[in-house]
file input-v9.cif (mmCIF, C-alpha atoms)
data_structure
loop_
_atom_site.label_atom_id
_atom_site.label_comp_id
_atom_site.auth_asym_id
_atom_site.auth_seq_id
_atom_site.Cartn_x
_atom_site.Cartn_y
_atom_site.Cartn_z
CA MET A 1 148.37 116.06 49.43
CA ALA A 2 145.56 114.99 51.73
CA ARG A 3 142.47 115.03 49.46
CA LEU A 4 141.84 114.93 45.72
CA THR A 5 139.00 117.44 45.87
CA TRP A 6 139.87 118.76 42.40
CA LEU A 7 138.95 115.52 40.58
CA PRO A 8 135.57 116.61 39.09
CA GLU A 9 136.90 119.94 37.87
CA VAL A 10 139.93 118.45 36.14
CA LEU A 11 137.91 115.78 34.34
CA ARG A 12 135.24 118.24 33.25
CA ASP A 13 137.90 120.61 31.95
CA ALA A 14 139.01 117.70 29.73
CA GLY A 15 135.56 117.68 28.12
CA LEU A 16 134.34 114.60 29.99
CA THR A 17 130.95 113.97 31.57
CA VAL A 18 131.37 113.68 35.34
CA HIS A 19 128.97 112.61 38.11
CA GLU A 20 129.65 112.97 41.81
CA VAL A 21 128.69 110.14 44.17
CA SER A 22 127.11 111.50 47.34
CA GLY A 23 129.65 111.92 50.14
CA TRP A 24 132.71 111.55 47.93
CA ARG A 25 134.55 114.54 49.44
CA GLY A 26 134.85 112.90 52.83
CA ARG A 27 135.24 109.31 51.69
CA GLY A 28 138.57 107.56 52.32
CA SER A 29 141.41 108.48 54.69
CA ASP A 30 144.11 111.04 53.95
CA LEU A 31 146.58 110.30 51.17
CA SER A 32 150.32 110.81 50.92
CA THR A 33 151.87 112.50 47.90
CA ILE A 34 150.55 110.80 44.79
CA ARG A 35 153.23 108.98 42.78
CA GLY A 36 151.18 107.23 40.14
CA ILE A 37 147.87 105.90 38.80
CA THR A 38 146.63 102.31 38.66
CA ILE A 39 144.36 101.28 35.77
CA HIS A 40 141.70 98.70 36.65
CA GLU A 41 138.62 97.09 35.17
CA THR A 42 135.76 95.81 37.32
CA ARG A 43 135.48 92.34 35.72
CA GLY A 44 131.75 92.30 36.43
CA SER A 45 129.18 90.84 34.04
CA ARG A 46 128.29 92.30 30.66
CA GLN A 47 124.86 93.09 32.09
CA SER A 48 126.23 95.04 35.06
CA THR A 49 124.82 98.48 35.81
CA ASP A 50 126.61 101.61 36.92
CA ALA A 51 124.63 101.57 40.16
CA GLY A 52 125.64 98.00 40.88
CA GLU A 53 129.32 98.54 40.13
CA ILE A 54 129.48 101.74 42.18
CA ASN A 55 127.74 99.97 45.06
CA VAL A 56 130.65 97.51 45.21
CA LEU A 57 133.17 100.37 45.24
CA LEU A 58 131.28 101.97 48.12
CA HIS A 59 130.69 98.87 50.25
CA GLY A 60 133.61 96.62 49.37
CA SER A 61 133.99 93.08 48.04
CA ASN A 62 135.22 89.72 49.28
CA THR A 63 138.80 90.77 48.58
CA ALA A 64 138.84 94.51 49.29
CA PRO A 65 137.31 96.71 52.01
CA PRO A 66 135.64 99.98 50.99
CA PRO A 67 136.14 102.38 49.44
CA ILE A 68 137.75 100.53 46.53
CA ALA A 69 138.61 103.32 44.06
CA GLN A 70 138.57 107.08 43.77
CA LEU A 71 137.12 107.01 40.25
CA TYR A 72 134.74 104.87 38.22
CA LEU A 73 134.41 104.90 34.41
CA SER A 74 131.17 103.65 32.86
CA ARG A 75 130.82 101.85 29.52
CA THR A 76 129.10 105.03 28.36
CA GLY A 77 132.33 107.00 28.83
CA ASP A 78 130.90 108.89 31.82
CA TRP A 79 132.99 109.28 34.97
CA TRP A 80 131.91 109.06 38.62
CA VAL A 81 133.93 110.55 41.46
CA VAL A 82 133.61 108.08 44.36
CA ALA A 83 136.18 109.25 46.92
CA SER A 84 138.72 111.99 47.50
CA GLY A 85 140.88 110.01 49.93
CA ARG A 86 142.79 106.76 50.15
CA CYS A 87 141.10 103.72 48.56
CA ASN A 88 141.84 99.99 48.64
CA HIS A 89 142.40 99.22 44.97
CA ASN A 90 145.76 97.47 45.00
CA LEU A 91 148.53 96.04 47.17
CA VAL A 92 152.06 97.40 47.38
CA GLY A 93 153.29 96.50 43.93
CA TRP A 94 156.08 93.97 43.34
CA SER A 95 156.55 94.91 39.69
CA GLY A 96 155.62 97.45 37.06
CA PRO A 97 155.89 101.24 36.84
CA ASN A 98 154.80 101.79 40.44
CA GLN A 99 156.71 98.99 42.15
CA GLY A 100 156.96 99.60 45.89
CA HIS A 101 153.94 101.88 45.99
CA GLY A 102 150.46 101.10 47.25
CA ASN A 103 147.15 102.68 48.15
CA ASN A 104 148.69 105.58 50.08
CA THR A 105 150.36 107.00 46.97
CA LEU A 106 148.38 105.66 43.98
CA VAL A 107 145.08 106.83 42.46
CA GLY A 108 142.77 103.97 41.44
CA ILE A 109 140.36 104.00 38.50
CA GLU A 110 137.87 101.17 38.01
CA ALA A 111 136.37 100.89 34.51
CA GLN A 112 133.16 98.95 33.99
CA HIS A 113 134.23 95.94 31.96
CA ALA A 114 133.68 92.20 31.81
CA GLY A 115 136.34 89.63 31.02
CA GLY A 116 136.60 89.10 27.25
CA GLU A 117 134.35 92.04 26.47
CA PRO A 118 135.55 94.28 23.61
CA TRP A 119 136.46 97.82 24.59
CA THR A 120 134.34 100.39 22.78
CA ASP A 121 136.04 103.38 21.24
CA ARG A 122 133.86 105.62 23.41
CA GLN A 123 134.98 104.12 26.72
CA TYR A 124 138.62 103.64 25.78
CA ARG A 125 138.88 107.18 24.43
CA SER A 126 137.35 108.55 27.62
CA TYR A 127 139.79 106.47 29.70
CA VAL A 128 142.75 107.92 27.81
CA ARG A 129 141.52 111.50 28.04
CA GLY A 130 140.69 111.21 31.72
CA VAL A 131 144.04 109.71 32.67
CA ALA A 132 145.86 112.34 30.61
CA ALA A 133 144.05 115.06 32.55
CA LEU A 134 145.01 113.45 35.86
CA VAL A 135 148.66 113.04 34.82
CA ARG A 136 148.81 116.70 33.87
CA ARG A 137 147.22 117.83 37.15
CA LEU A 138 149.38 115.56 39.32
CA GLY A 139 152.58 116.49 37.51
CA ILE A 140 153.67 112.87 37.18
CA PRO A 141 155.31 111.25 34.12
CA VAL A 142 153.20 109.04 31.85
CA ASN A 143 155.35 106.05 32.74
CA ARG A 144 153.82 106.24 36.22
CA VAL A 145 150.52 105.06 34.75
CA GLY A 146 150.45 101.34 35.46
CA GLY A 147 148.00 98.53 34.89
CA HIS A 148 146.83 96.40 37.81
CA LYS A 149 148.27 93.40 35.93
CA GLU A 150 151.67 95.12 35.83
CA HIS A 151 151.49 96.00 39.52
CA GLN A 152 150.58 92.53 40.79
CA PRO A 153 151.60 90.03 38.10
CA ALA A 154 151.90 86.27 38.48
CA GLY A 155 155.28 84.56 38.72
CA TYR A 156 156.62 86.32 41.80
CA GLY A 157 155.34 83.95 44.47
CA HIS A 158 152.43 86.17 45.54
CA ALA A 159 148.91 84.84 45.97
CA SER A 160 146.94 87.93 44.92
CA THR A 161 147.79 88.30 41.21
CA LYS A 162 145.87 90.38 38.66
CA THR A 163 145.30 90.34 34.90
CA ASP A 164 143.44 93.62 34.36
CA PRO A 165 143.07 95.69 32.31
CA SER A 166 142.73 93.57 29.18
CA PHE A 167 144.15 96.19 26.78
CA ASP A 168 147.84 96.77 26.01
CA MET A 169 149.27 99.09 28.66
CA ASP A 170 152.19 100.21 26.49
CA GLN A 171 149.75 101.37 23.83
CA PHE A 172 147.57 102.98 26.47
CA ARG A 173 150.52 105.00 27.78
CA ARG A 174 151.40 106.04 24.21
CA ASP A 175 147.81 107.21 23.69
CA VAL A 176 147.90 109.21 26.94
CA ALA A 177 151.21 110.75 25.90
CA SER A 178 149.70 111.69 22.54
CA VAL A 179 146.89 113.60 24.26
CA LEU A 180 149.38 115.40 26.49
CA ALA A 181 151.45 116.32 23.44
CA GLY A 182 148.44 117.85 21.74
CA GLY A 183 147.84 114.94 19.37
CA ASP A 184 144.24 114.59 20.50
CA ASP A 185 141.60 116.55 18.57
CA ASP A 186 140.10 117.97 21.78
CA MET A 187 136.66 116.76 20.70
CA SER A 188 134.17 116.72 23.54
CA GLU A 189 132.85 113.36 24.68
CA ALA A 190 129.35 114.22 23.49
CA ALA A 191 130.63 115.05 20.00
CA SER A 192 132.73 111.91 20.03
CA ARG A 193 129.62 109.83 20.65
CA ILE A 194 127.89 111.36 17.64
CA VAL A 195 130.90 110.69 15.42
CA GLU A 196 131.10 107.12 16.69
CA ALA A 197 127.43 106.51 15.91
CA TRP A 198 127.77 107.87 12.38
CA SER A 199 131.02 105.96 11.79
CA ARG A 200 129.19 102.68 12.36
CA GLY A 201 126.72 103.56 9.62
CA LEU A 202 123.23 102.22 9.21
CA PRO A 203 122.62 98.46 9.37
CA LYS A 204 122.72 96.60 6.04
CA THR A 205 120.43 94.14 4.30
CA PRO A 206 121.90 90.91 2.88
CA ALA A 207 122.09 92.79 -0.44
CA GLY A 208 124.20 95.50 1.16
CA GLU A 209 121.53 98.22 1.19
CA ASN A 210 121.06 100.55 4.13
CA VAL A 211 118.26 99.69 6.55
CA GLU A 212 116.83 103.06 7.42
CA PRO A 213 114.81 103.67 10.60
CA VAL A 214 111.08 103.42 9.83
CA GLN A 215 110.33 106.97 10.98
CA TRP A 216 113.03 108.37 8.70
CA ARG A 217 111.59 106.50 5.72
CA MET A 218 108.01 107.57 6.43
CA ARG A 219 109.02 111.20 6.84
CA ASP A 220 111.09 111.10 3.64
CA GLU A 221 108.29 109.52 1.59
CA ALA A 222 105.73 112.03 2.88
CA TRP A 223 108.02 114.92 1.98
CA GLN A 224 108.64 113.54 -1.52
CA ALA A 225 104.90 113.09 -2.12
CA GLN A 226 104.22 116.68 -1.06
CA VAL A 227 106.91 118.06 -3.38
CA LEU A 228 105.65 116.00 -6.35
CA ALA A 229 102.07 117.20 -5.80
CA GLN A 230 103.21 120.81 -5.77
CA LEU A 231 105.25 120.31 -8.94
CA ARG A 232 102.27 118.79 -10.74
CA GLN A 233 100.11 121.73 -9.71
CA LEU A 234 102.67 124.23 -10.94
CA ALA A 235 103.23 122.37 -14.20
CA GLY A 236 99.52 122.68 -15.13
CA LYS A 237 99.20 126.34 -14.24
CA ASP A 238 98.69 128.94 -17.03
CA TRP A 239 101.16 131.62 -16.04
CA VAL A 240 99.95 134.17 -18.72
CA ASP A 241 96.49 135.74 -18.21
CA GLU A 242 95.84 137.28 -21.65
CA GLN A 243 92.51 138.83 -20.70
CA GLN A 244 94.07 140.58 -17.74
CA ILE A 245 96.72 142.02 -20.05
CA VAL A 246 94.11 143.26 -22.60
CA ASP A 247 91.98 144.81 -19.89
CA GLY A 248 95.00 146.61 -18.51
CA VAL A 249 95.99 148.00 -21.93
CA LEU A 250 92.48 149.20 -22.76
CA ALA A 251 92.14 150.83 -19.35
CA GLY A 252 95.35 152.69 -19.98
CA LEU A 253 94.35 153.88 -23.46
CA GLY A 254 90.97 155.19 -22.32
CA GLY A 255 92.51 158.19 -20.64
CA ARG A 256 94.85 159.25 -23.50
CA ASP A 257 94.46 161.68 -26.41
CA LEU A 258 93.04 160.02 -29.55
CA ASP A 259 96.06 160.93 -31.71
CA GLU A 260 98.30 159.28 -29.10
CA VAL A 261 96.05 156.23 -29.06
CA VAL A 262 96.30 155.94 -32.85
CA GLU A 263 100.11 156.08 -32.68
CA VAL A 264 100.16 153.36 -30.04
CA LEU A 265 97.83 151.07 -32.01
CA VAL A 266 99.72 151.54 -35.28
CA ALA A 267 102.99 150.81 -33.52
CA ALA A 268 101.53 147.72 -31.87
CA MET A 269 99.43 146.33 -34.76
CA GLY A 270 101.13 147.67 -37.85
CA PRO A 271 99.63 150.17 -40.39
CA ASP A 272 97.50 147.61 -42.27
CA ARG A 273 95.79 146.07 -39.25
CA ALA A 274 95.32 149.53 -37.69
CA ALA A 275 93.66 150.74 -40.92
CA GLU A 276 91.39 147.67 -40.97
CA LEU A 277 90.45 148.40 -37.36
CA GLY A 278 89.63 151.99 -38.34
CA ARG A 279 87.39 150.85 -41.18
CA ARG A 280 85.48 148.51 -38.91
CA LEU A 281 84.98 151.26 -36.38
CA THR A 282 83.65 153.68 -39.07
CA PRO A 283 79.80 153.68 -39.27
CA THR A 284 78.56 152.26 -42.63
CA GLY A 285 74.87 153.08 -42.35
CA PRO A 286 73.14 156.03 -44.14
CA ALA A 287 73.55 159.47 -42.65
CA SER A 288 70.50 160.71 -40.81
#
call {"tool": "encode", "arguments": {"input": "input-v9.cif", "output": "structure tokens"}}
result
Amino acid sequence: MARLTWLPEVLRDAGLTVHEVSGWRGRGSDLSTIRGITIHETRGSRQSTDAGEINVLLHGSNTAPPPIAQLYLSRTGDWWVVASGRCNHNLVGWSGPNQGHGNNTLVGIEAQHAGGEPWTDRQYRSYVRGVAALVRRLGIPVNRVGGHKEHQPAGYGHASTKTDPSFDMDQFRRDVASVLAGGDDDMSEAASRIVEAWSRGLPKTPAGENVEPVQWRMRDEAWQAQVLAQLRQLAGKDWVDEQQIVDGVLAGLGGRDLDEVVEVLVAAMGPDRAAELGRRLTPTGPAS
């Protein structure tokens, strides 16, 4: 296995957002057969940017020559493919799942994270899903996923010891195994971000009431005012136009036979009122 040119495709197939750093396909020397994955965190500042972190991976640091890792994971949950070849992300391990292995046989992932910073659900979830996709593609067991702190721990007489990542690696491996076993809901990262935002809810006042965004409130109040105005207009409307009804009836009677008209009026008004109408229509003046 010389180059990991399949990295973007595998991560995208897992529903993750992936960016490709220019020149990644030719970056790093050839690899040997991959035996495992090393989980890292950058330990930069909480104000670090993706561009700044990736710049270090591309140009090296005081302790590691470039390139430093094949993959970079942002706080946003987005992934960047940095290199397809060998990277300088760890020493030959003296402990942990990948003891005896080093950069020639291990894939390195650097996640943007500062010491003591809480891991967001978005970034951690993306880390788990991405590693699960890599494990599946590489055909390695989950127990070959090791933390940098497991690979180079203190207490063995070595100078270069590590303490990253800050989360529990046993739990991380269980979460990766759960995804591989189908326990993950296969939700895309974009959908996951929406769910995460809604799960936090709106901010609260000291009284515990929701603080709604101003634009939402203005739009809601305008809509309510419009509905109320329409209801008031409808409530005062006279839905029955009696004159229109009378005009329609008279227009219809004008073209009928008089006997038929009499029957209709008697049926509608009753015999007494129809007779009174007849008397009023009968001329009372002297015959000429």
call {"tool": "residues_around", "arguments": {"input": "input-v9.cif", "residues": "segment 29-31 of chain A", "least_positions_apart": "2", "cutoff": "6 Å", "atoms": "only C-alpha atoms", "output": "list in words"}}
result
Ala2, Gly85, Arg86 and Asn104 of chain A
call {"tool": "write_last_selection", "arguments": {"input": "input-v9.cif", "atoms": "C-alpha atoms", "output": "short mmCIF file (atom, residue, chain, number, x, y, z; two decimals), in the coordinates of the input"}}
result
data_model
loop_
_atom_site.label_atom_id
_atom_site.label_comp_id
_atom_site.auth_asym_id
_atom_site.auth_seq_id
_atom_site.Cartn_x
_atom_site.Cartn_y
_atom_site.Cartn_z
CA ALA A 2 145.56 114.99 51.73
CA GLY A 85 140.88 110.01 49.93
CA ARG A 86 142.79 106.76 50.15
CA ASN A 104 148.69 105.58 50.08
#
call {"tool": "resolve_selection", "arguments": {"input": "input-v9.cif", "expression": "the PyMOL selection byres ((chain A and resi 71) around 9)", "output": "list of chain:residue names"}}
result
A:Leu7, A:Ala69, A:Gln70, A:Tyr72, A:Leu73, A:Trp79, A:Trp80, A:Val81, A:Val82, A:Ala83, A:Ser84, A:Val107, A:Gly108, A:Ile109, A:Glu110, A:Ala111
call {"tool": "atom_distance", "arguments": {"input": "input-v9.cif", "atom1": "atom CA of Gly77 of chain A", "atom2": "atom CA of Glu117 of chain A"}}
result
15.3 Å
call {"tool": "resolve_selection", "arguments": {"input": "input-v9.cif", "expression": "the PyMOL selection byres ((chain A and resi 152-156) around 10)", "output": "list in words"}}
result
Asn90, Leu91, Val92, Gly93, Trp94, Ser95, Gly96, Gln99, Gly147, His148, Lys149, Glu150, His151, Gly157, His158, Ala159, Ser160, Thr161, Lys162, Thr163 and Asp164 of chain A
call {"tool": "write_last_selection", "arguments": {"input": "input-v9.cif", "atoms": "C-alpha atoms", "output": "PDB file, in the coordinates of the input"}}
result
ATOM      1  CA  ASN A  90     145.760  97.470  45.000  1.00  0.00           C
ATOM      2  CA  LEU A  91     148.530  96.040  47.170  1.00  0.00           C
ATOM      3  CA  VAL A  92     152.060  97.400  47.380  1.00  0.00           C
ATOM      4  CA  GLY A  93     153.290  96.500  43.930  1.00  0.00           C
ATOM      5  CA  TRP A  94     156.080  93.970  43.340  1.00  0.00           C
ATOM      6  CA  SER A  95     156.550  94.910  39.690  1.00  0.00           C
ATOM      7  CA  GLY A  96     155.620  97.450  37.060  1.00  0.00           C
ATOM      8  CA  GLN A  99     156.710  98.990  42.150  1.00  0.00           C
ATOM      9  CA  GLY A 147     148.000  98.530  34.890  1.00  0.00           C
ATOM     10  CA  HIS A 148     146.830  96.400  37.810  1.00  0.00           C
ATOM     11  CA  LYS A 149     148.270  93.400  35.930  1.00  0.00           C
ATOM     12  CA  GLU A 150     151.670  95.120  35.830  1.00  0.00           C
ATOM     13  CA  HIS A 151     151.490  96.000  39.520  1.00  0.00           C
ATOM     14  CA  GLY A 157     155.340  83.950  44.470  1.00  0.00           C
ATOM     15  CA  HIS A 158     152.430  86.170  45.540  1.00  0.00           C
ATOM     16  CA  ALA A 159     148.910  84.840  45.970  1.00  0.00           C
ATOM     17  CA  SER A 160     146.940  87.930  44.920  1.00  0.00           C
ATOM     18  CA  THR A 161     147.790  88.300  41.210  1.00  0.00           C
ATOM     19  CA  LYS A 162     145.870  90.380  38.660  1.00  0.00           C
ATOM     20  CA  THR A 163     145.300  90.340  34.900  1.00  0.00           C
ATOM     21  CA  ASP A 164     143.440  93.620  34.360  1.00  0.00           C
TER      22      ASP A 164
END
call {"tool": "closest_residue", "arguments": {"input": "input-v9.cif", "among": "A:Gly36, A:Gly28, A:Gly44, A:Gly270", "to": "His59 of chain A", "atoms": "all atoms listed in the file"}}
result
A:Gly28
call {"tool": "resolve_selection", "arguments": {"input": "input-v9.cif", "expression": "the PyMOL selection byres ((chain A and resi 67) around 7)", "output": "list in words"}}
result
Gly28, Leu57, Leu58, His59, Gly60, Pro65, Pro66, Ile68, Ala69, Cys87 and Asn88 of chain A
call {"tool": "residues_around", "arguments": {"input": "input-v9.cif", "residues": "segment 11-13 of chain A", "least_positions_apart": "3", "cutoff": "9 Å", "atoms": "all atoms listed in the file", "output": "PyMOL selection string"}}
result
chain A and resi 6-8+16-18+79+129-131+133-134
call {"tool": "write_last_selection", "arguments": {"input": "input-v9.cif", "atoms": "C-alpha atoms", "output": "compact mmCIF listing (two decimals), in the frame of the given file"}}
result
# COMPACT_ATOMS: atom_id res chain seq x y z
CA TRP A 6 139.87 118.76 42.40
CA LEU A 7 138.95 115.52 40.58
CA PRO A 8 135.57 116.61 39.09
CA LEU A 16 134.34 114.60 29.99
CA THR A 17 130.95 113.97 31.57
CA VAL A 18 131.37 113.68 35.34
CA TRP A 79 132.99 109.28 34.97
CA ARG A 129 141.52 111.50 28.04
CA GLY A 130 140.69 111.21 31.72
CA VAL A 131 144.04 109.71 32.67
CA ALA A 133 144.05 115.06 32.55
CA LEU A 134 145.01 113.45 35.86
call {"tool": "closest_residue", "arguments": {"input": "input-v9.cif", "among": "A:Asn55, A:Thr120, A:Ser126, A:Thr38", "to": "Asp78 of chain A", "atoms": "all atoms listed in the file"}}
result
A:Ser126
call {"tool": "closest_residue", "arguments": {"input": "input-v9.cif", "among": "A:Asn103, A:Asn98, A:Thr33, A:Ser166", "to": "Asn143 of chain A", "atoms": "only C-alpha atoms"}}
result
A:Asn98
call {"tool": "atom_distance", "arguments": {"input": "input-v9.cif", "atom1": "atom CA of Leu4 of chain A", "atom2": "atom CA of Ile39 of chain A"}}
result
17.1 Å
